[in-house]
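Novice: Next comes the structure file target05.txt, holding compact mmCIF, C-alpha atoms and all ligand atoms.
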```txt
# COMPACT_ATOMS: atom_id res chain seq x y z
CA MET D 1 241.79 78.17 46.51
CA ARG D 2 241.54 81.84 47.53
CA THR D 3 244.91 83.59 47.93
CA GLU D 4 244.88 86.09 50.75
CA ILE D 5 247.36 88.96 50.98
CA ALA D 6 247.84 89.54 54.73
CA ASN D 7 249.45 92.81 55.79
CA ALA D 8 250.50 94.16 59.18
CA SER D 9 246.95 95.14 60.15
CA PHE D 10 245.90 91.45 60.18
CA ARG D 11 247.03 90.41 63.67
CA GLY D 12 246.60 86.66 63.37
CA ARG D 13 248.57 86.34 60.13
CA PHE D 14 251.64 84.56 61.49
CA VAL D 15 249.52 82.06 63.42
CA LEU D 16 247.57 81.37 60.23
CA ALA D 17 250.82 81.02 58.25
CA LYS D 18 252.11 78.51 60.81
CA ARG D 19 248.92 76.46 60.44
CA TYR D 20 249.27 76.37 56.66
CA ILE D 21 252.94 75.38 56.86
CA GLU D 22 252.13 72.59 59.32
CA GLU D 23 249.44 71.36 56.94
CA GLY D 24 252.08 71.09 54.19
CA GLU D 25 250.97 74.19 52.30
CA VAL D 26 253.16 76.76 50.59
CA VAL D 27 253.10 80.36 51.87
CA ALA D 28 254.68 83.39 50.18
CA PHE D 29 256.45 85.91 52.40
CA HIS D 30 258.30 89.23 52.30
CA THR D 31 262.07 89.30 52.67
CA GLU D 32 264.50 92.21 52.28
CA THR D 33 265.66 90.84 48.87
CA VAL D 34 262.58 89.56 46.97
CA TYR D 35 259.36 87.71 48.00
CA GLY D 36 259.90 84.01 48.80
CA LEU D 37 257.68 80.96 48.30
CA GLY D 38 258.12 78.89 51.47
CA ALA D 39 257.37 75.37 52.73
CA ASN D 40 258.46 73.10 55.58
CA ALA D 41 261.99 71.98 54.62
CA PHE D 42 261.55 68.67 56.48
CA SER D 43 258.59 67.61 54.34
CA ASP D 44 259.25 65.94 50.95
CA GLU D 45 255.71 66.60 49.85
CA ALA D 46 255.69 70.29 50.78
CA VAL D 47 259.09 70.89 49.15
CA LEU D 48 258.00 69.15 45.94
CA LYS D 49 254.95 71.41 45.85
CA ILE D 50 257.27 74.42 45.49
CA PHE D 51 258.95 72.90 42.42
CA ALA D 52 255.56 72.09 40.88
CA LEU D 53 254.11 75.55 41.57
CA LYS D 54 257.07 77.37 40.06
CA GLY D 55 257.78 74.96 37.22
CA ARG D 56 261.30 74.89 38.68
CA PRO D 57 263.80 72.42 37.19
CA ALA D 58 264.34 69.47 39.55
CA ASP D 59 268.10 70.06 39.73
CA ASN D 60 267.93 73.66 41.00
CA PRO D 61 268.27 73.52 44.82
CA LEU D 62 266.40 75.67 47.33
CA ILE D 63 267.64 77.94 50.10
CA VAL D 64 266.51 77.15 53.64
CA HIS D 65 265.40 80.17 55.71
CA VAL D 66 265.60 80.27 59.51
CA HIS D 67 264.96 82.88 62.21
CA ARG D 68 267.89 84.58 63.94
CA GLU D 69 267.86 82.35 67.04
CA TYR D 70 267.41 79.06 65.18
CA ASP D 71 270.16 76.56 65.99
CA ILE D 72 271.54 75.47 62.60
CA SER D 73 274.02 72.98 64.11
CA SER D 74 271.71 70.02 63.45
CA LEU D 75 271.40 71.00 59.78
CA ILE D 76 275.09 71.47 58.96
CA ASP D 77 278.04 69.18 59.38
CA SER D 78 280.81 71.72 59.98
CA GLU D 79 281.53 75.43 59.85
CA PRO D 80 284.90 77.06 59.15
CA PRO D 81 285.87 79.96 61.47
CA TYR D 82 285.51 82.52 58.65
CA ALA D 83 281.85 81.48 58.19
CA ALA D 84 281.08 82.04 61.87
CA ALA D 85 282.69 85.49 61.59
CA LEU D 86 280.62 86.28 58.47
CA ARG D 87 277.44 85.22 60.23
CA SER D 88 278.04 87.62 63.09
CA ALA D 89 279.02 90.43 60.70
CA TYR D 90 276.19 90.16 58.13
CA LEU D 91 273.30 88.07 59.46
CA PRO D 92 270.42 88.60 59.54
CA GLY D 93 270.80 89.98 56.01
CA PRO D 94 270.98 89.20 52.28
CA LEU D 95 273.73 86.56 52.50
CA THR D 96 273.09 82.83 51.88
CA MET D 97 275.76 80.46 53.17
CA VAL D 98 276.34 76.99 51.70
CA TYR D 99 277.54 74.31 54.18
CA PRO D 100 278.13 70.55 54.18
CA SER D 101 274.67 69.15 54.96
CA THR D 102 273.73 66.60 57.64
CA GLY D 103 270.91 65.49 55.33
CA LYS D 104 268.22 66.21 57.96
CA VAL D 105 266.00 68.27 55.67
CA SER D 106 264.12 66.76 52.72
CA LYS D 107 266.47 65.43 50.05
CA TYR D 108 264.56 67.50 47.49
CA VAL D 109 265.81 70.77 49.03
CA SER D 110 269.39 70.29 47.80
CA CYS D 111 268.52 68.24 44.70
CA GLY D 112 271.05 65.53 45.45
CA LEU D 113 273.94 67.84 46.46
CA ASN D 114 275.62 67.07 49.80
CA THR D 115 275.47 70.74 50.76
CA LEU D 116 272.74 72.96 52.20
CA ALA D 117 272.18 76.68 51.57
CA ILE D 118 271.02 78.62 54.64
CA ARG D 119 269.79 82.18 54.95
CA VAL D 120 268.63 84.36 57.85
CA PRO D 121 266.58 87.19 56.34
CA SER D 122 266.46 90.54 58.14
CA SER D 123 262.91 91.48 57.09
CA PRO D 124 260.79 91.82 60.26
CA THR D 125 257.91 90.08 58.44
CA ALA D 126 260.14 87.13 57.51
CA GLN D 127 261.60 86.98 61.04
CA ALA D 128 258.16 86.98 62.69
CA PHE D 129 256.95 84.24 60.31
CA LEU D 130 260.05 82.07 60.80
CA LYS D 131 259.94 82.53 64.56
CA GLU D 132 256.28 81.54 64.69
CA VAL D 133 256.78 78.33 62.66
CA ASP D 134 260.19 77.61 64.25
CA LEU D 135 261.09 75.31 61.34
CA PRO D 136 263.57 75.67 58.49
CA ILE D 137 261.58 77.00 55.54
CA ALA D 138 262.74 76.06 52.05
CA ALA D 139 262.03 79.03 49.82
CA PRO D 140 263.01 80.14 46.33
CA SER D 141 261.88 83.47 44.92
CA ALA D 142 258.09 83.71 44.49
CA ASN D 143 258.05 83.89 40.68
CA LEU D 144 257.23 81.34 38.02
CA SER D 145 260.49 79.78 36.85
CA LYS D 146 262.49 82.06 34.50
CA HIS D 147 260.32 85.13 35.13
CA VAL D 148 261.37 88.26 37.03
CA SER D 149 261.38 87.87 40.85
CA PRO D 150 258.59 89.78 42.66
CA VAL D 151 259.44 92.74 44.88
CA THR D 152 255.85 93.44 46.00
CA ALA D 153 253.09 91.20 47.41
CA ARG D 154 250.86 92.16 44.49
CA ARG D 155 253.41 90.81 41.97
CA ALA D 156 253.71 87.55 43.91
CA TRP D 157 249.89 87.35 43.92
CA ARG D 158 249.77 87.70 40.13
CA GLY D 159 251.97 84.62 39.77
CA PHE D 160 250.30 82.40 42.36
CA ASN D 161 246.74 83.64 42.81
CA GLY D 162 244.56 80.57 43.31
CA SER D 163 247.41 78.14 43.95
CA ILE D 164 248.66 79.15 47.44
CA PRO D 165 246.56 80.18 50.47
CA LEU D 166 248.53 83.14 51.85
CA ILE D 167 251.02 85.91 51.06
CA LEU D 168 252.64 87.71 54.01
CA ASP D 169 252.85 91.29 52.82
CA GLY D 170 255.76 93.30 54.21
CA GLY D 171 255.66 96.09 51.61
CA ALA D 172 258.15 96.61 48.79
CA CYS D 173 261.48 94.79 49.17
CA SER D 174 264.27 97.23 50.06
CA GLY D 175 267.11 95.16 48.54
CA GLY D 176 265.53 94.27 45.23
CA ILE D 177 267.82 91.46 43.98
CA GLU D 178 268.32 87.98 45.40
CA SER D 179 270.83 87.21 48.18
CA THR D 180 274.54 86.66 47.66
CA VAL D 181 275.14 82.88 47.65
CA LEU D 182 278.45 82.00 49.30
CA ASP D 183 280.09 78.58 49.31
CA CYS D 184 281.49 78.02 52.82
CA THR D 185 282.69 74.44 52.30
CA GLY D 186 286.31 75.29 51.41
CA ASP D 187 289.29 77.02 53.02
CA VAL D 188 288.37 80.30 51.35
CA PRO D 189 284.78 81.53 50.87
CA GLN D 190 283.62 81.56 47.26
CA ILE D 191 280.75 83.61 45.82
CA LEU D 192 278.42 81.44 43.71
CA ARG D 193 275.89 84.21 43.01
CA GLU D 194 276.63 87.89 43.43
CA GLY D 195 274.26 90.07 45.46
CA LEU D 196 274.02 92.90 47.94
CA VAL D 197 276.72 91.52 50.24
CA THR D 198 279.74 92.17 48.05
CA ARG D 199 283.08 90.44 47.58
CA GLU D 200 284.78 93.37 49.34
CA MET D 201 282.46 93.06 52.33
CA ILE D 202 283.19 89.32 52.59
CA SER D 203 286.96 89.74 52.14
CA SER D 204 287.08 92.42 54.81
CA VAL D 205 285.81 89.89 57.38
CA ALA D 206 287.09 86.57 56.00
CA GLY D 207 290.48 87.84 54.80
CA ASP D 208 289.87 86.57 51.27
CA CYS D 209 287.01 85.75 48.90
CA LYS D 210 286.90 84.07 45.51
CA VAL D 211 284.22 84.44 42.85
CA TYR D 212 283.17 81.23 41.13
CA ARG D 213 283.02 81.26 37.32
CA ALA D 214 281.73 78.11 35.64
CA GLN D 215 283.98 76.88 32.83
CA THR D 216 282.29 76.48 29.46
CA GLY D 217 280.43 73.17 29.32
CA GLU D 218 280.80 72.58 33.07
CA ARG D 219 277.72 72.13 35.28
CA PRO D 220 277.88 75.19 37.57
CA LYS D 221 278.41 74.73 41.31
CA SER D 222 275.26 76.76 41.88
CA PRO D 223 272.90 74.92 39.52
CA GLY D 224 270.50 77.86 39.23
CA MET D 225 273.15 79.84 37.37
CA ALA D 226 272.81 77.51 34.37
CA TYR D 227 269.32 78.70 33.57
CA LYS D 228 267.91 81.61 31.66
CA HIS D 229 266.40 83.71 34.39
CA TYR D 230 264.78 86.92 35.49
CA SER D 231 263.34 87.41 32.01
CA PRO D 232 260.71 89.98 31.11
CA ARG D 233 257.91 88.62 28.91
CA CYS D 234 258.53 90.85 25.91
CA ARG D 235 261.20 91.03 23.20
CA THR D 236 264.49 92.43 24.43
CA ALA D 237 267.72 93.86 23.06
CA TYR D 238 270.88 94.74 24.98
CA PHE D 239 273.64 97.27 24.31
CA THR D 240 276.72 98.55 26.04
CA GLU D 241 276.53 101.88 24.15
CA VAL D 242 273.73 104.45 23.88
CA ASP D 243 273.98 104.73 20.06
CA GLY D 244 273.13 101.09 19.42
CA ALA D 245 270.17 101.35 21.78
CA LYS D 246 268.91 104.46 19.96
CA ARG D 247 269.05 102.63 16.61
CA ALA D 248 267.14 99.60 17.93
CA TYR D 249 264.56 101.91 19.52
CA LEU D 250 263.98 103.90 16.32
CA GLU D 251 263.73 100.76 14.16
CA GLU D 252 261.07 99.37 16.48
CA LYS D 253 259.17 102.68 16.37
CA GLU D 254 259.28 102.75 12.59
CA ALA D 255 257.94 99.20 12.49
CA GLY D 256 254.92 100.40 14.49
CA GLY D 257 256.03 99.04 17.88
CA SER D 258 256.28 100.78 21.25
CA PRO D 259 259.88 100.41 22.45
CA CYS D 260 261.22 101.46 25.83
CA ILE D 261 264.81 101.85 27.07
CA LEU D 262 266.00 100.68 30.50
CA CYS D 263 269.17 102.54 31.49
CA ASP D 264 271.10 104.31 34.25
CA SER D 265 270.83 108.04 34.96
CA ASP D 266 273.93 108.87 32.88
CA ALA D 267 272.49 107.30 29.73
CA ALA D 268 269.07 108.79 30.49
CA ARG D 269 270.56 112.29 30.07
CA GLU D 270 271.46 111.42 26.45
CA LEU D 271 267.97 110.13 25.70
CA ALA D 272 265.70 113.17 25.86
CA GLY D 273 262.51 112.44 23.89
CA TYR D 274 262.84 108.64 24.17
CA ASP D 275 260.56 106.50 26.34
CA ILE D 276 262.83 105.38 29.18
CA LEU D 277 262.76 103.55 32.49
CA GLU D 278 265.49 105.04 34.67
CA LEU D 279 267.40 102.68 36.96
CA GLY D 280 269.20 105.41 38.90
CA ALA D 281 272.81 106.34 39.56
CA THR D 282 274.08 104.04 42.34
CA GLY D 283 274.24 100.25 42.70
CA THR D 284 271.91 100.22 45.69
CA VAL D 285 269.20 102.19 43.90
CA MET D 286 269.61 100.20 40.66
CA ALA D 287 269.22 96.92 42.60
CA GLN D 288 266.12 98.28 44.27
CA ARG D 289 264.48 99.34 41.01
CA LEU D 290 265.63 96.70 38.49
CA TYR D 291 262.89 94.06 38.87
CA ALA D 292 260.05 96.55 39.28
CA LEU D 293 261.19 98.28 36.07
CA LEU D 294 261.61 95.00 34.15
CA ARG D 295 258.01 94.14 35.09
CA LYS D 296 256.84 97.62 34.14
CA GLY D 297 258.68 97.36 30.82
CA GLU D 298 257.14 94.03 29.85
CA GLY D 299 253.72 95.52 30.58
CA CYS D 300 254.04 98.52 28.28
CA ALA D 301 256.74 97.85 25.65
CA THR D 302 256.86 95.65 22.54
CA LEU D 303 260.66 95.82 22.74
CA LEU D 304 262.59 96.51 25.92
CA VAL D 305 266.05 97.86 25.12
CA GLY D 306 268.63 97.55 27.92
CA ILE D 307 271.77 99.68 28.17
CA GLU D 308 274.47 98.30 30.44
CA PRO D 309 275.10 100.70 33.35
CA ARG D 310 278.63 102.11 33.62
CA ALA D 311 279.11 101.91 37.41
CA ARG D 312 281.20 99.00 38.72
CA ASP D 313 281.40 99.70 42.45
CA GLY D 314 279.41 98.39 45.45
CA CYS D 315 276.77 95.82 44.52
CA MET D 316 277.02 96.49 40.75
CA ALA D 317 278.39 92.97 40.14
CA GLY D 318 275.03 91.61 41.35
CA VAL D 319 273.01 94.17 39.38
CA LEU D 320 274.94 93.49 36.15
CA ASN D 321 274.62 89.73 36.59
CA ARG D 322 270.80 89.98 36.87
CA MET D 323 270.52 92.53 34.09
CA ARG D 324 272.63 90.56 31.60
CA ARG D 325 270.67 87.42 32.39
CA ALA D 326 267.31 89.20 32.10
CA PHE D 327 268.30 90.42 28.64
CA GLY D 328 269.83 87.08 27.63
CA ALA D 329 273.23 88.74 27.29
CA GLU D 330 275.06 86.05 29.29
CA HIS D 331 276.36 83.11 27.29
CA GLY D 332 275.85 79.39 27.86
CA MET D 333 272.38 79.51 29.40
CA GLU D 334 269.87 76.70 29.02
CA GLU D 335 266.30 77.40 28.09
CA SER D 336 264.41 75.97 31.07
P1 LIG D 401 266.36 81.38 44.33
O1 LIG D 401 265.96 81.05 45.72
O2 LIG D 401 265.27 81.17 43.33
O3 LIG D 401 266.95 82.73 44.28
O4 LIG D 401 267.52 80.37 43.93
C1 LIG D 401 268.44 79.86 44.87
C2 LIG D 401 269.83 79.87 44.33
O5 LIG D 401 270.68 79.27 45.30
C3 LIG D 401 269.99 79.06 43.04
O6 LIG D 401 270.87 79.72 42.17
C4 LIG D 401 270.57 77.76 43.54
O7 LIG D 401 271.32 77.10 42.55
C5 LIG D 401 271.43 78.22 44.73
N1 LIG D 401 271.59 77.14 45.71
C6 LIG D 401 270.70 76.65 46.57
N2 LIG D 401 271.20 75.64 47.31
C7 LIG D 401 272.48 75.47 46.89
C8 LIG D 401 273.55 74.58 47.26
N3 LIG D 401 273.37 73.64 48.19
N4 LIG D 401 274.72 74.70 46.60
C9 LIG D 401 274.89 75.65 45.67
N5 LIG D 401 273.94 76.52 45.27
C10 LIG D 401 272.74 76.44 45.87
MG MG D 402 264.76 82.62 41.84
```
How would this structure read if it were set down as structure tokens?
Ligand code: AMP
Ligand code: MG
Specialist:
Amino acid sequence: MRTEIANASFRGRFVLAKRYIEEGEVVAFHTETVYGLGANAFSDEAVLKIFALKGRPADNPLIVHVHREYDISSLIDSEPPYAAALRSAYLPGPLTMVYPSTGKVSKYVSCGLNTLAIRVPSSPTAQAFLKEVDLPIAAPSANLSKHVSPVTARRAWRGFNGSIPLILDGGACSGGIESTVLDCTGDVPQILREGLVTREMISSVAGDCKVYRAQTGERPKSPGMAYKHYSPRCRTAYFTEVDGAKRAYLEEKEAGGSPCILCDSDAARELAGYDILELGATGTVMAQRLYALLRKGEGCATLLVGIEPRARDGCMAGVLNRMRRAFGAEHGMEES
């Protein structure tokens, strides 16, 4: 199969995408967070294709994407008032909301859970695609399971060239990390995965917001959080202090390797003469650059040394979560 990257100059691209989706194919598409790998959420066969293509564990559910006018009332059983308020405040945008499901979509989307995760992306490319197909599209990130999510069409192509027919190119993703996943089944909203829509932003509309932390040994409420994830394909080391990172870097150099340090702008100032990949100074910029730099690092370094950024404001909770997981610095993760 030839994999075509279709950009804005190809006028018939959404019509073509609709045809592929109706034929049960999987199509990759731009969103404001990362590229997604989408299929018709009503079709068992199409949804299972996504799991097979990614090598995704069968218990890690998918998010369903819809266009801004799509009526979700047939897909969800109930919606608390705070969730309706959050939808009007932040959607379309990088916020996924988990509701009690009516079970109308394929049972493979939610992997046996009685809930359904729904997202309305703001990317004009994603909106045009979703509007054209006018179906809920089940879509995880367009990376092979465990690898770093793609933030350009070219990166998605590298993972799936030859196995999907089409990638809808919308340029580089402005957000850079996956959506915030928010459980809206209880009296108070609860963040299952941190992202660009922060706890403060949710609290300011909903009045309150909890953050879910899985207890040791417990199966997490958001099954994806149990897995090692976002990992670059090279050796890694992770430090909270610059000195430790310097030592690991120099040891690798002495052993004949080519190390590289991924760090924020503050740490970068202490690392003159070292090979570095600079994340930036604010949460928004760090989110935007993180995955591109992880991919760059795995391409040029024998050892990628991460230094934990100092900032804690804005969307840093999401950035730190991805970074710690990419470097294997989060405990209790399974291998596949
Ligand atoms: P991805 O699309 O690859 O970024 O992964 C989707 C994330 O959403 C994973 O962490 C899933 O575990 C989570 N997710 C999807 N559906 C549900 C659901 N019904 N309940 C809880 N978490 C979900
Ligand atoms: Mg993913």
Novice: Kindly provide the residues of chain D that approach ligand LIG 401 (chain D) to within 6 Å, each paired with its closest atom pair and their distance in Å to one decimal, based on all atoms listed in the file, listed by chain and increasing number, as a tab-separated table.
Specialist:
```
residue	atom	partner	partner_atom	distance
D:Asn60	CA	D:LIG401	O7	5.1
D:Pro61	CA	D:LIG401	C6	4.3
D:Leu62	CA	D:LIG401	C6	4.5
D:Ile63	CA	D:LIG401	C6	4.8
D:Val98	CA	D:LIG401	N3	5.7
D:Ser110	CA	D:LIG401	N3	5.2
D:Thr115	CA	D:LIG401	N3	4.4
D:Leu116	CA	D:LIG401	N3	4.1
D:Ala117	CA	D:LIG401	N2	4.5
D:Pro140	CA	D:LIG401	O1	3.1
D:Ser141	CA	D:LIG401	O2	4.4
D:Glu178	CA	D:LIG401	O3	5.5
D:Lys221	CA	D:LIG401	C9	5.7
D:Ser222	CA	D:LIG401	N5	3.6
D:Pro223	CA	D:LIG401	O7	4.1
D:Gly224	CA	D:LIG401	O6	3.5
D:Met225	CA	D:LIG401	O6	5.3
```
Novice: Go through stretch 36-76 of chain D residue by residue and, counting all atoms listed in the file, keep those with an atom at most 12 Å from stretch 118-136 of chain D; for each kept residue give the shortest atom pair and its distance in Å to one decimal, ordered by chain and increasing number, as CSV.
Specialist:
```
residue,atom,partner,partner_atom,distance
D:Gly36,CA,D:Ala126,CA,9.3
D:Leu37,CA,D:Ala126,CA,11.4
D:Gly38,CA,D:Pro136,CA,9.5
D:Ala39,CA,D:Pro136,CA,8.5
D:Asn40,CA,D:Pro136,CA,6.4
D:Ala41,CA,D:Pro136,CA,5.6
D:Phe42,CA,D:Pro136,CA,7.6
D:Ser43,CA,D:Pro136,CA,10.3
D:Val47,CA,D:Pro136,CA,11.4
D:Pro61,CA,D:Ile118,CA,11.4
D:Leu62,CA,D:Ile118,CA,9.1
D:Ile63,CA,D:Ile118,CA,5.7
D:Val64,CA,D:Ile118,CA,4.8
D:His65,CA,D:Arg119,CA,4.9
D:Val66,CA,D:Pro136,CA,5.1
D:His67,CA,D:Leu130,CA,5.2
D:Arg68,CA,D:Val120,CA,6.1
D:Glu69,CA,D:Lys131,CA,8.3
D:Tyr70,CA,D:Asp134,CA,7.4
D:Asp71,CA,D:Pro136,CA,10.0
D:Ile72,CA,D:Ile118,CA,8.6
D:Ser73,CA,D:Ile118,CA,11.4
D:Ser74,CA,D:Pro136,CA,11.1
D:Leu75,CA,D:Ile118,CA,9.2
D:Ile76,CA,D:Ile118,CA,9.3
```
Novice: Can you write out the residues you just picked, keeping C-alpha atoms, as a PDB file, in the frame of the given file?
Specialist:
```pdb
ATOM      1  CA  GLY D  36     259.900  84.010  48.800  1.00  0.00           C
ATOM      2  CA  LEU D  37     257.680  80.960  48.300  1.00  0.00           C
ATOM      3  CA  GLY D  38     258.120  78.890  51.470  1.00  0.00           C
ATOM      4  CA  ALA D  39     257.370  75.370  52.730  1.00  0.00           C
ATOM      5  CA  ASN D  40     258.460  73.100  55.580  1.00  0.00           C
ATOM      6  CA  ALA D  41     261.990  71.980  54.620  1.00  0.00           C
ATOM      7  CA  PHE D  42     261.550  68.670  56.480  1.00  0.00           C
ATOM      8  CA  SER D  43     258.590  67.610  54.340  1.00  0.00           C
ATOM      9  CA  VAL D  47     259.090  70.890  49.150  1.00  0.00           C
ATOM     10  CA  PRO D  61     268.270  73.520  44.820  1.00  0.00           C
ATOM     11  CA  LEU D  62     266.400  75.670  47.330  1.00  0.00           C
ATOM     12  CA  ILE D  63     267.640  77.940  50.100  1.00  0.00           C
ATOM     13  CA  VAL D  64     266.510  77.150  53.640  1.00  0.00           C
ATOM     14  CA  HIS D  65     265.400  80.170  55.710  1.00  0.00           C
ATOM     15  CA  VAL D  66     265.600  80.270  59.510  1.00  0.00           C
ATOM     16  CA  HIS D  67     264.960  82.880  62.210  1.00  0.00           C
ATOM     17  CA  ARG D  68     267.890  84.580  63.940  1.00  0.00           C
ATOM     18  CA  GLU D  69     267.860  82.350  67.040  1.00  0.00           C
ATOM     19  CA  TYR D  70     267.410  79.060  65.180  1.00  0.00           C
ATOM     20  CA  ASP D  71     270.160  76.560  65.990  1.00  0.00           C
ATOM     21  CA  ILE D  72     271.540  75.470  62.600  1.00  0.00           C
ATOM     22  CA  SER D  73     274.020  72.980  64.110  1.00  0.00           C
ATOM     23  CA  SER D  74     271.710  70.020  63.450  1.00  0.00           C
ATOM     24  CA  LEU D  75     271.400  71.000  59.780  1.00  0.00           C
ATOM     25  CA  ILE D  76     275.090  71.470  58.960  1.00  0.00           C
TER      26      ILE D  76
END
```
Novice: Report, in Å to a single decimal, how far apart atom CA of D:Trp157 and atom CA of D:Leu262 are.
Specialist: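 Taking atom CA of D:Leu262 and atom CA of D:Trp157, their separation equals 24.8 Å.
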Novice: Ranking D:Ile177, D:Met316, D:Val151, D:Ala52 by minimum distance to D:Glu200 and counting all atoms listed in the file, which one comes first?
Specialist: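 Result for the nearest residue to D:Glu200: D:Met316.
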Novice: Could you check which of D:Ala138, D:Ile164, D:Ala237, D:Ala287 is closest to D:Gly328, using all atoms listed in the file?
Specialist: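 Distance minimum relative to D:Gly328 lands on D:Ala237.
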Novice: Considering all atoms listed in the file, return as an mmCIF file with C-alpha atoms, in the coordinates of the input whatever protein or nucleic-acid residues lie within 10 Å of D:Ile307, sequence-local ones (same chain, fewer than 4 positions apart) excluded.
Specialist:
```cif
data_model
loop_
_atom_site.group_PDB
_atom_site.id
_atom_site.type_symbol
_atom_site.label_atom_id
_atom_site.label_comp_id
_atom_site.auth_asym_id
_atom_site.auth_seq_id
_atom_site.Cartn_x
_atom_site.Cartn_y
_atom_site.Cartn_z
ATOM 1 C CA ALA D 237 267.720 93.860 23.060
ATOM 2 C CA TYR D 238 270.880 94.740 24.980
ATOM 3 C CA PHE D 239 273.640 97.270 24.310
ATOM 4 C CA THR D 240 276.720 98.550 26.040
ATOM 5 C CA GLU D 241 276.530 101.880 24.150
ATOM 6 C CA VAL D 242 273.730 104.450 23.880
ATOM 7 C CA ASP D 243 273.980 104.730 20.060
ATOM 8 C CA GLY D 244 273.130 101.090 19.420
ATOM 9 C CA ALA D 245 270.170 101.350 21.780
ATOM 10 C CA LYS D 246 268.910 104.460 19.960
ATOM 11 C CA ILE D 261 264.810 101.850 27.070
ATOM 12 C CA LEU D 262 266.000 100.680 30.500
ATOM 13 C CA CYS D 263 269.170 102.540 31.490
ATOM 14 C CA ASP D 264 271.100 104.310 34.250
ATOM 15 C CA ALA D 267 272.490 107.300 29.730
ATOM 16 C CA ALA D 268 269.070 108.790 30.490
ATOM 17 C CA MET D 323 270.520 92.530 34.090
ATOM 18 C CA ARG D 324 272.630 90.560 31.600
ATOM 19 C CA PHE D 327 268.300 90.420 28.640
#
```
Novice: Which value, in Å to one decimal, gives the distance between atom CA of D:Phe29 and atom CA of D:Asp169?
Specialist: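 Atom CA of D:Asp169 lies at a distance of 6.5 Å from atom CA of D:Phe29.
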Novice: I need the residue nearest ligand MG 402 (chain D) from this list: D:Tyr274, D:Tyr35, D:Phe14, D:Tyr82. Use only C-alpha atoms and all ligand atoms for the distance.
Specialist: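 The shortest atom-to-atom distance to ligand MG 402 (chain D) comes from D:Tyr35.
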Novice: Give the answer as one residue: which of D:Val34, D:Leu86, D:Ala311, D:Cys260 has the shortest atom-to-atom distance to ligand MG 402 (chain D), using all atoms listed in the file?
Specialist: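 Going through D:Val34, D:Leu86, D:Ala311, D:Cys260 one by one, the smallest distance to ligand MG 402 (chain D) is for D:Val34.
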Novice: With all atoms listed in the file as the basis for distance, which of D:Leu48, D:Arg199, D:Arg219, D:Gly176 is at the shortest distance from D:Leu279?
Specialist: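 Among the listed residues, D:Gly176 lies closest to D:Leu279.
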Novice: Can you tell me which residues surround D:Gly170 at a distance of at most 7 Å, considering only C-alpha atoms, apart from same-chain residues fewer than 2 positions away, and format the answer as a PDB file with C-alpha atoms, in the frame of the given file?
Specialist:
```
ATOM      1  CA  ASN D   7     249.450  92.810  55.790  1.00  0.00           C
ATOM      2  CA  HIS D  30     258.300  89.230  52.300  1.00  0.00           C
ATOM      3  CA  THR D 125     257.910  90.080  58.440  1.00  0.00           C
ATOM      4  CA  LEU D 168     252.640  87.710  54.010  1.00  0.00           C
ATOM      5  CA  ALA D 172     258.150  96.610  48.790  1.00  0.00           C
TER       6      ALA D 172
END
```
Novice: What is the atom CA of D:Tyr20 to atom CA of D:Gly175 distance in Å?
Specialist: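 Answer for the atom CA of D:Tyr20 to atom CA of D:Gly175 separation: 27.2 Å.
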Novice: Kindly indicate which residue among D:Ala142, D:Phe51, D:Asn321, D:Val305 lies nearest to D:Tyr108, using all atoms listed in the file for the distances.
Specialist: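 Between D:Ala142, D:Phe51, D:Asn321, D:Val305, the residue approaching D:Tyr108 most closely is D:Phe51.
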Novice: Using only C-alpha atoms, determine which residues lie at most 6 Å from D:Thr3, disregarding the query and same-chain residues fewer than 4 positions distant; provide the list as a VMD selection string.
Specialist: chain D and resid 161 to 162 164 to 166
Novice: Keeping only C-alpha atoms, write the selected residues as a short mmCIF file (atom, residue, chain, number, x, y, z; two decimals), in the frame of the given file.
Specialist:
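Saved result, again-v3.cif, follows:
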```
data_model
loop_
_atom_site.label_atom_id
_atom_site.label_comp_id
_atom_site.auth_asym_id
_atom_site.auth_seq_id
_atom_site.Cartn_x
_atom_site.Cartn_y
_atom_site.Cartn_z
CA ASN D 161 246.74 83.64 42.81
CA GLY D 162 244.56 80.57 43.31
CA ILE D 164 248.66 79.15 47.44
CA PRO D 165 246.56 80.18 50.47
CA LEU D 166 248.53 83.14 51.85
#
```
Novice: Padding 5 Å on every side, please: axis-aligned box over the listed atoms of stretch 136-140 of chain D, centre and edge lengths to one decimal in Å, as AutoDock Vina command-line options.
Specialist:
```
--center_x 262.6 --center_y 77.9 --center_z 52.4 --size_x 12.0 --size_y 14.5 --size_z 22.2
```
Novice: Can you tell me, as a list in words, what residues are no more than 9 Å from D:Gly257 when counting only C-alpha atoms, ignoring any on the same chain fewer than 2 positions away?
Specialist: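 Once the nearby chain positions are removed, what remains is Glu251, Glu252, Lys253, Glu254, Ala255, Pro259, Ala301, Thr302 and Leu303 of chain D.
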Novice: For D:Ser179, list every protein, DNA or RNA residue within 7 Å, evaluated using only C-alpha atoms, and leave out those in the same chain fewer than 2 positions away; present the list as a PDB file with C-alpha atoms, keeping the file's coordinate frame.
Specialist:
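Contents of the output file result_10.pdb:
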```pdb
ATOM      1  CA  THR D  33     265.660  90.840  48.870  1.00  0.00           C
ATOM      2  CA  PRO D  94     270.980  89.200  52.280  1.00  0.00           C
ATOM      3  CA  LEU D  95     273.730  86.560  52.500  1.00  0.00           C
ATOM      4  CA  THR D  96     273.090  82.830  51.880  1.00  0.00           C
ATOM      5  CA  ILE D 177     267.820  91.460  43.980  1.00  0.00           C
ATOM      6  CA  VAL D 181     275.140  82.880  47.650  1.00  0.00           C
ATOM      7  CA  GLY D 195     274.260  90.070  45.460  1.00  0.00           C
ATOM      8  CA  LEU D 196     274.020  92.900  47.940  1.00  0.00           C
TER       9      LEU D 196
END
```
